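Here is query17.txt, consisting of compact mmCIF, C-alpha atoms and all ligand atoms:
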```txt
# COMPACT_ATOMS: atom_id res chain seq x y z
CA MET A 3 20.99 -38.22 -5.11
CA PRO A 4 21.61 -34.89 -6.78
CA ALA A 5 20.28 -31.75 -5.15
CA ILE A 6 16.99 -30.58 -6.64
CA LEU A 7 16.20 -27.02 -7.69
CA GLY A 8 13.29 -25.52 -5.78
CA GLN A 9 11.18 -22.39 -6.34
CA ASN A 10 13.07 -19.79 -8.32
CA GLN A 11 12.37 -16.41 -9.83
CA TYR A 12 14.42 -13.61 -11.33
CA GLY A 13 14.15 -10.14 -12.81
CA LYS A 14 15.31 -6.57 -12.25
CA ALA A 15 14.25 -5.10 -8.90
CA GLU A 16 13.53 -1.45 -8.07
CA ASN A 17 13.40 0.13 -11.50
CA ARG A 18 12.70 3.79 -10.79
CA VAL A 19 10.68 5.30 -13.60
CA VAL A 20 9.27 8.81 -13.81
CA ARG A 21 6.87 9.55 -16.66
CA ILE A 22 5.88 13.13 -17.52
CA VAL A 23 2.84 13.81 -19.70
CA ARG A 24 3.02 17.34 -21.14
CA ASP A 25 -0.41 18.78 -21.83
CA GLY A 26 0.71 22.22 -23.01
CA ASP A 27 2.00 24.03 -19.93
CA THR A 28 0.19 21.64 -17.61
CA HIS A 29 2.32 18.62 -16.90
CA HIS A 30 1.38 15.37 -15.15
CA ILE A 31 3.81 13.13 -13.29
CA LYS A 32 3.86 9.43 -12.37
CA ASP A 33 6.72 8.21 -10.19
CA LEU A 34 7.09 4.45 -9.72
CA ASN A 35 9.49 1.89 -8.31
CA VAL A 36 8.91 -1.32 -10.30
CA SER A 37 10.24 -4.77 -9.34
CA ILE A 38 9.96 -7.72 -11.70
CA ALA A 39 10.06 -11.41 -10.76
CA LEU A 40 9.74 -13.99 -13.56
CA SER A 41 9.56 -17.75 -13.30
CA GLY A 42 9.01 -20.73 -15.56
CA ALA A 43 11.22 -23.25 -17.37
CA MET A 44 14.50 -22.24 -15.78
CA ASP A 45 16.05 -25.64 -14.95
CA GLU A 46 18.66 -25.41 -17.70
CA VAL A 47 20.26 -22.19 -16.53
CA HIS A 48 20.42 -23.35 -12.91
CA TYR A 49 21.63 -26.91 -13.56
CA HIS A 50 23.84 -26.38 -16.60
CA GLY A 51 24.38 -22.66 -17.09
CA SER A 52 22.60 -22.62 -20.43
CA ASN A 53 21.13 -19.16 -20.99
CA THR A 54 19.07 -20.02 -24.07
CA GLY A 55 15.78 -19.55 -22.18
CA VAL A 56 16.88 -16.56 -20.11
CA LEU A 57 15.54 -13.11 -20.93
CA PRO A 58 18.21 -10.88 -19.32
CA THR A 59 17.19 -8.88 -16.26
CA ASP A 60 18.68 -5.93 -18.14
CA THR A 61 16.03 -6.43 -20.83
CA THR A 62 13.29 -6.50 -18.20
CA LYS A 63 14.58 -3.13 -16.97
CA ASN A 64 14.58 -1.71 -20.50
CA THR A 65 11.02 -2.96 -21.02
CA VAL A 66 9.85 -0.90 -18.03
CA TYR A 67 11.14 2.30 -19.63
CA ALA A 68 10.00 1.44 -23.15
CA PHE A 69 6.50 0.59 -21.88
CA ALA A 70 6.34 3.87 -19.93
CA LYS A 71 6.72 5.58 -23.29
CA GLU A 72 4.62 3.18 -25.36
CA HIS A 73 1.66 2.61 -23.03
CA GLY A 74 2.00 5.52 -20.61
CA ILE A 75 1.27 4.99 -16.91
CA ALA A 76 -2.49 5.28 -16.44
CA SER A 77 -2.20 3.58 -13.03
CA ALA A 78 0.29 1.35 -11.23
CA GLU A 79 -2.05 -1.60 -11.73
CA GLN A 80 -2.57 -0.99 -15.44
CA PHE A 81 1.17 -0.55 -16.02
CA GLY A 82 1.90 -3.80 -14.16
CA ILE A 83 -0.74 -5.62 -16.22
CA HIS A 84 0.95 -4.49 -19.46
CA LEU A 85 4.33 -5.71 -18.22
CA ALA A 86 3.14 -9.05 -16.82
CA ARG A 87 1.16 -9.86 -19.96
CA HIS A 88 4.17 -9.02 -22.14
CA PHE A 89 6.66 -11.22 -20.29
CA VAL A 90 4.34 -14.24 -20.08
CA THR A 91 3.04 -14.08 -23.66
CA SER A 92 6.30 -13.15 -25.45
CA GLN A 93 8.66 -15.80 -23.98
CA ASP A 94 8.02 -19.56 -24.07
CA THR A 95 10.17 -20.10 -20.98
CA ILE A 96 8.38 -17.53 -18.81
CA HIS A 97 5.20 -18.93 -17.30
CA ARG A 98 4.54 -16.51 -14.49
CA ALA A 99 5.26 -12.84 -13.86
CA ARG A 100 4.95 -10.94 -10.63
CA ILE A 101 5.25 -7.16 -10.83
CA ARG A 102 5.49 -5.16 -7.61
CA ILE A 103 5.09 -1.41 -7.78
CA GLU A 104 5.47 1.39 -5.26
CA GLU A 105 4.05 4.73 -6.32
CA TYR A 106 5.17 8.06 -4.86
CA ALA A 107 2.63 10.88 -5.09
CA TRP A 108 3.39 14.44 -6.13
CA GLU A 109 1.11 17.46 -6.00
CA ARG A 110 1.39 20.88 -7.58
CA ILE A 111 3.12 23.60 -5.58
CA PRO A 112 0.54 26.27 -4.74
CA LEU A 113 1.51 29.90 -5.38
CA PRO A 114 0.19 32.99 -3.56
CA GLY A 115 -3.55 33.42 -4.21
CA ALA A 116 -5.10 35.46 -7.01
CA ASP A 117 -5.82 38.34 -4.57
CA ALA A 118 -2.15 38.84 -3.85
CA ARG A 119 -1.02 38.41 -7.46
CA PRO A 120 -4.06 38.94 -9.73
CA ASP A 121 -1.86 38.72 -12.82
CA ARG A 122 -0.49 35.25 -11.94
CA ALA A 123 -1.87 31.70 -11.75
CA THR A 124 -2.27 30.07 -8.32
CA GLU A 125 -0.11 27.12 -9.29
CA THR A 126 2.38 26.30 -11.99
CA GLY A 127 1.84 23.43 -14.35
CA HIS A 128 5.33 22.10 -13.84
CA SER A 129 6.38 22.48 -10.18
CA PHE A 130 5.60 19.64 -7.78
CA VAL A 131 6.14 18.76 -4.14
CA ARG A 132 6.30 15.12 -2.96
CA THR A 133 3.36 14.35 -0.72
CA ARG A 134 4.70 12.19 2.06
CA GLN A 135 1.23 11.05 3.06
CA GLU A 136 1.49 7.42 1.97
CA THR A 137 3.19 5.14 -0.52
CA ARG A 138 0.80 3.41 -2.88
CA LEU A 139 1.45 -0.26 -3.64
CA ALA A 140 0.40 -2.67 -6.37
CA GLN A 141 1.29 -6.30 -7.02
CA ILE A 142 0.28 -7.85 -10.33
CA THR A 143 0.63 -11.60 -10.85
CA TYR A 144 -0.17 -13.40 -14.12
CA ASP A 145 0.27 -17.03 -15.17
CA GLY A 146 -1.06 -16.69 -18.71
CA ASP A 147 -4.59 -17.46 -17.53
CA ARG A 148 -5.46 -15.88 -14.17
CA TRP A 149 -4.63 -12.47 -12.78
CA GLN A 150 -4.20 -11.57 -9.15
CA ILE A 151 -4.20 -7.83 -8.46
CA VAL A 152 -3.39 -6.72 -4.92
CA SER A 153 -3.33 -2.99 -4.25
CA GLY A 154 -2.47 -1.22 -1.04
CA LEU A 155 -0.63 1.46 0.85
CA THR A 156 1.90 1.94 3.62
CA ASP A 157 2.71 4.80 5.98
CA LEU A 158 -0.69 6.48 5.98
CA THR A 159 -0.30 8.09 9.41
CA VAL A 160 -3.54 9.00 11.17
CA LEU A 161 -4.45 10.24 14.65
CA ASN A 162 -7.66 10.77 16.62
CA SER A 163 -7.15 13.15 19.55
CA THR A 164 -10.30 11.85 21.27
CA ASN A 165 -13.07 9.23 20.85
CA SER A 166 -10.74 6.40 21.85
CA GLU A 167 -10.91 4.24 24.99
CA PHE A 168 -9.21 1.06 26.08
CA ARG A 169 -10.61 -0.62 29.18
CA GLY A 170 -12.22 -3.80 30.46
CA TYR A 171 -9.21 -5.89 29.41
CA VAL A 172 -7.73 -8.93 31.18
CA LYS A 173 -5.70 -8.05 34.27
CA ASP A 174 -3.17 -10.57 35.53
CA ALA A 175 -0.22 -10.37 37.94
CA TYR A 176 1.83 -8.42 35.41
CA THR A 177 -0.74 -5.88 34.29
CA THR A 178 0.12 -2.28 35.13
CA LEU A 179 -1.76 -0.50 32.30
CA LYS A 180 -4.31 2.03 33.53
CA GLU A 181 -7.71 1.97 31.87
CA ALA A 182 -8.06 4.75 29.32
CA TYR A 183 -11.34 6.61 28.97
CA ASP A 184 -10.09 9.26 26.57
CA ARG A 185 -6.80 8.51 24.85
CA ILE A 186 -5.03 9.43 21.62
CA LEU A 187 -5.34 6.74 18.93
CA ALA A 188 -2.65 6.91 16.26
CA THR A 189 -1.33 4.44 13.69
CA ASP A 190 0.59 4.14 10.42
CA VAL A 191 -1.88 2.28 8.23
CA SER A 192 -0.35 -0.51 6.17
CA ALA A 193 -3.02 -2.31 4.13
CA ARG A 194 -3.28 -4.61 1.09
CA TRP A 195 -6.52 -5.36 -0.70
CA ARG A 196 -7.26 -8.03 -3.29
CA HIS A 197 -9.43 -7.29 -6.28
CA ASN A 198 -11.85 -9.89 -7.66
CA TRP A 199 -10.78 -9.04 -11.22
CA THR A 200 -8.98 -12.26 -12.19
CA SER A 201 -9.67 -12.78 -15.90
CA ASP A 202 -9.53 -10.78 -19.13
CA GLU A 203 -13.17 -11.78 -19.65
CA GLN A 204 -14.29 -9.54 -16.75
CA GLY A 205 -14.69 -5.77 -17.05
CA MET A 206 -11.60 -4.13 -15.60
CA PRO A 207 -12.01 -1.78 -12.61
CA ASP A 208 -10.98 1.88 -12.87
CA TRP A 209 -7.80 1.42 -10.82
CA GLU A 210 -7.20 5.12 -10.08
CA GLN A 211 -10.74 5.65 -8.86
CA SER A 212 -10.75 2.39 -6.91
CA TYR A 213 -7.57 3.41 -5.06
CA ALA A 214 -8.77 6.93 -4.28
CA ARG A 215 -12.15 5.73 -2.98
CA THR A 216 -10.65 2.91 -0.93
CA LYS A 217 -8.20 5.29 0.76
CA GLN A 218 -11.08 7.68 1.45
CA HIS A 219 -13.15 4.88 3.04
CA LEU A 220 -10.21 3.93 5.26
CA LEU A 221 -9.76 7.51 6.44
CA GLU A 222 -13.47 8.12 6.97
CA ALA A 223 -13.95 4.90 8.92
CA PHE A 224 -10.95 5.77 11.12
CA ALA A 225 -12.34 9.26 11.76
CA GLU A 226 -15.94 8.18 12.34
CA THR A 227 -15.37 5.19 14.62
CA TYR A 228 -15.66 5.76 18.37
CA SER A 229 -12.89 3.34 19.24
CA LEU A 230 -13.00 0.83 22.08
CA SER A 231 -9.75 -0.75 20.78
CA LEU A 232 -7.53 -0.52 17.71
CA GLN A 233 -8.80 -4.03 16.82
CA GLN A 234 -12.36 -2.68 16.62
CA THR A 235 -11.24 0.31 14.53
CA LEU A 236 -9.38 -2.06 12.17
CA TYR A 237 -12.51 -4.12 11.60
CA GLN A 238 -14.57 -0.97 10.99
CA MET A 239 -12.05 0.21 8.39
CA GLY A 240 -11.97 -3.17 6.65
CA SER A 241 -15.72 -3.73 6.63
CA ARG A 242 -16.27 -0.20 5.28
CA VAL A 243 -14.09 -1.11 2.29
CA ILE A 244 -15.68 -4.54 1.72
CA ASP A 245 -19.22 -3.09 2.02
CA SER A 246 -18.51 -0.10 -0.25
CA ARG A 247 -16.21 -1.49 -2.94
CA SER A 248 -17.67 -4.44 -4.83
CA GLU A 249 -14.38 -4.97 -6.73
CA ILE A 250 -12.52 -5.82 -3.49
CA ASP A 251 -12.98 -9.18 -1.70
CA GLU A 252 -10.26 -9.07 0.95
CA ILE A 253 -8.25 -6.50 2.87
CA ARG A 254 -5.43 -7.11 5.33
CA PHE A 255 -4.05 -4.59 7.80
CA SER A 256 -0.92 -4.19 9.86
CA LEU A 257 -1.53 -1.38 12.34
CA PRO A 258 1.08 -0.29 14.89
CA ASN A 259 -0.52 1.28 17.95
CA LYS A 260 1.54 4.47 18.22
CA HIS A 261 1.28 5.02 21.94
CA HIS A 262 0.93 8.54 23.32
CA PHE A 263 1.58 8.61 27.07
CA LEU A 264 0.37 11.46 29.27
CA VAL A 265 3.41 13.10 30.86
CA ASP A 266 3.42 13.50 34.64
CA LEU A 267 3.79 17.27 35.14
CA GLU A 268 3.14 17.15 38.93
CA PRO A 269 6.88 17.51 39.71
CA PHE A 270 6.70 20.93 38.05
CA GLY A 271 3.53 21.89 39.94
CA GLN A 272 1.51 21.64 36.73
CA LYS A 273 -1.71 19.79 35.97
CA ASN A 274 -1.81 17.70 32.78
CA ASP A 275 -5.41 17.78 31.67
CA ASN A 276 -5.00 15.52 28.62
CA GLU A 277 -2.78 18.10 26.97
CA VAL A 278 0.88 16.99 26.98
CA TYR A 279 1.92 13.54 25.73
CA LEU A 280 5.11 11.63 25.16
CA ALA A 281 4.92 10.09 21.68
CA ALA A 282 6.71 6.76 22.14
CA ASP A 283 8.26 5.17 19.06
CA ARG A 284 8.84 1.73 20.61
CA PRO A 285 7.74 -0.71 21.72
CA TYR A 286 4.38 -0.48 20.00
CA GLY A 287 1.33 -2.73 19.95
CA LEU A 288 0.94 -4.35 16.53
CA ILE A 289 -2.60 -5.19 15.50
CA GLU A 290 -3.00 -7.27 12.32
CA ALA A 291 -6.06 -8.84 10.73
CA THR A 292 -7.80 -9.68 7.46
CA VAL A 293 -11.37 -8.64 6.69
CA LEU A 294 -13.03 -10.75 3.98
CA ARG A 295 -16.17 -10.80 1.89
CA ASP A 296 -18.33 -13.63 3.27
CA GLY A 297 -17.91 -16.76 1.15
CA THR A 298 -14.46 -15.86 -0.23
CA GLU A 299 -11.08 -17.40 0.57
CA ALA A 300 -8.20 -15.39 2.04
CA ALA A 301 -5.18 -15.14 -0.28
CA ILE A 302 -3.15 -12.20 1.05
CA PRO A 303 -0.14 -13.45 3.05
CA VAL A 304 -0.36 -13.13 6.84
CA ASP A 305 2.97 -11.29 6.96
CA LEU A 306 2.59 -8.19 4.80
CA THR A 307 6.36 -7.77 4.60
CA ASN A 308 6.15 -10.86 2.34
CA LEU A 309 3.98 -9.00 -0.14
O1 LIG B 401 -6.35 -0.80 21.19
C1 LIG B 401 -5.64 -1.48 21.93
N1 LIG B 401 -5.62 -2.83 21.81
C2 LIG B 401 -4.85 -3.65 22.60
O2 LIG B 401 -4.88 -4.89 22.46
C3 LIG B 401 -4.04 -3.02 23.55
N2 LIG B 401 -3.15 -3.49 24.49
C4 LIG B 401 -2.65 -2.43 25.13
O3 LIG B 401 -1.77 -2.49 26.04
N3 LIG B 401 -3.18 -1.27 24.66
C5 LIG B 401 -4.06 -1.62 23.67
N4 LIG B 401 -4.85 -0.87 22.87
```
Can the structure from this file be put into structure tokens for me?
Amino acid sequence: MPAILGQNQYGKAENRVVRIVRDGDTHHIKDLNVSIALSGAMDEVHYHGSNTGVLPTDTTKNTVYAFAKEHGIASAEQFGIHLARHFVTSQDTIHRARIRIEEYAWERIPLPGADARPDRATETGHSFVRTRQETRLAQITYDGDRWQIVSGLTDLTVLNSTNSEFRGYVKDAYTTLKEAYDRILATDVSARWRHNWTSDEQGMPDWEQSYARTKQHLLEAFAETYSLSLQQTLYQMGSRVIDSRSEIDEIRFSLPNKHHFLVDLEPFGQKNDNEVYLAADRPYGLIEATVLRDGTEAAIPVDLTNL
């Protein structure tokens, strides 16, 4: 029995593209890392080395740059939709395209205020600083019929310096943890959310607005929740998004509990009144869950590193 070819996909990974739009002296920047995975009728190349159905990965790279010029980059999602549609509709052998995009945010560098320099603007139109707040993510999948658009973010680091407890938990022979009545709650939010836009027949969401509002809901829910556990905070963040954003049916989180331990200052004759903490980097609790619109099916993978 010959060995059988299983799932396969190919394309150019991590195409870094920066697109500048010059509106007079005011410039706009989009900075993406685009990875392409194509699949379809690829038996011939694997079994026999025939490349007649193979669009080179080099061409897929070139398409990213040509499309940045031709279509611009209105949003990561919109750019991925252009690419996925192109690969699936232009090549008979390509039946499915998956485009993964990371987006790095830049903001304008502020200059000294108008009071200090009345003759000068308070920012330039062409100088930017990378905001390290979070990395935006988008994954666009198209099979010629249905779309799946998953957006998200990683490394959105947040901290509440009060309004967090953890107590009333199970205590067994190995439990040493002291109950916390007023602790620091900190995490690096990693989240992916699935849009219910799946067909060209539906009106397309405003991807930029959807992302900005969703991030804002996550931050507000984190800030406004009096937390009894990180699990409870996670659910509050997820349900805030599902309740507020009708275009989103599912959101999955991976939240490390970035522990802050009160330091014992007694040896130095000092009292630590919830003031000095050791920020531990490992080990960390890892709290992961999906929050879904009632009546919908989960589709985001359990392990977000697989997305
Ligand atoms: O919010 C928390 N959830 C836990 O499950 C947990 N476990 C733990 O040791 N500390 C915490 N904190």
inquiry  = Could you tell me how far CA of Ala182 in chain A sits from atom O3 of ligand LIG 401 (chain B), in Å to one decimal place?
reply    =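 Atom O3 of ligand LIG 401 (chain B) sits 10.1 Å away from CA of Ala182 in chain A.
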request  = Name the residues in contact with range 124-129 of chain A at a cut-off of 8 Å, using all atoms listed in the file, excluding same-chain residues fewer than 6 positions from it; report them as a list in words.
outcome  =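 With the cut-off at 8 Å, the set is Asp27, Thr28, His29, His30, Arg110, Ile111, Pro112, Leu113, Pro114, Gly115 and Ala116 of chain A.
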task = Name all residues at most 12 Å from Gln218 in chain A (count only C-alpha atoms; drop same-chain ones fewer than 4 positions away) and give them as a PyMOL selection string.
result = chain A and resi 158+211-214+222-226+239+242-243+246-247
Nearby polymer residues, ligand LIG 401 (chain B), at most 7 Å, all atoms listed in the file, as a list in words = Phe168, Leu179, Leu230, Ser231, Leu232, Gln233, Asn259 and Gly287 of chain A
message = as a PyMOL selection string, please: the residues near Phe81 in chain A (cut-off 12 Å, only C-alpha atoms, same-chain neighbours under 3 positions excluded).
response = chain A and resi 19+21+32-36+65-78+84-88+101-105+140-142+151+209-210
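Nearest-residue note for Thr164 in chain A: choosing from A:Ile250, A:Leu187, A:Val152, A:Val293, the minimum distance belongs to A:Leu187, counting all atoms listed in the file.
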query = Hey, can you check how far CA of Gln204 in chain A sits from CA of Gln80 in chain A?
reply = 14.6 Å
ask   = A:Ala99, A:Glu167, A:Ala39, A:Val56: which is nearest Thr227 in chain A, counting only C-alpha atoms?
value =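 Answer, going by the shortest atom-to-atom distance: A:Glu167.
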request  = Measure the distance from CA of Ala193 in chain A to CA of Leu264 in chain A in Å and round it to one decimal.
outcome  = 28.9 Å
inquiry  = Between A:Leu7, A:Ala281, A:Met206, A:Leu294, which residue has the minimum interatomic distance to Ile244 in chain A, considering only C-alpha atoms?
reply    =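 Using only C-alpha atoms, Ile244 in chain A sits closest to A:Leu294.
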Nearest-residue call for Lys63 in chain A, choices A:Ile83, A:Met44, A:Ile38, A:Leu221, using only C-alpha atoms =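 Smallest separation from Lys63 in chain A among the options: A:Ile38.
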request  = Tell me, as a list in words, which residues lie within 7 Å of Ser229 in chain A, counting all atoms listed in the file; anything in the same chain fewer than 4 positions away does not count.
outcome  =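 Counting all atoms listed in the file, the residues come to Asn165, Ser166, Glu167, Gln234 and Thr235 of chain A.
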request  = May I ask which of the residues A:Lys260, A:Asp208, A:Ser153, A:Ala107 is the closest one to Val131 in chain A, counting only C-alpha atoms?
outcome  =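 Counting only C-alpha atoms, the residue closest to Val131 in chain A is A:Ala107.
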Residue nearest Arg194 in chain A - candidates A:Ile302, A:Val160, A:Leu267, A:Ala282, atoms counted: only C-alpha atoms = A:Ile302
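Around Thr54 in chain A, within 12 Å and counting all atoms listed in the file, the residues found are A:Ala43, A:Met44, A:Asp45, A:Glu46, A:Val47, A:His48, A:His50, A:Pro58, A:Gln93, A:Asp94, A:Thr95, once anything fewer than 4 positions away on its own chain is removed.
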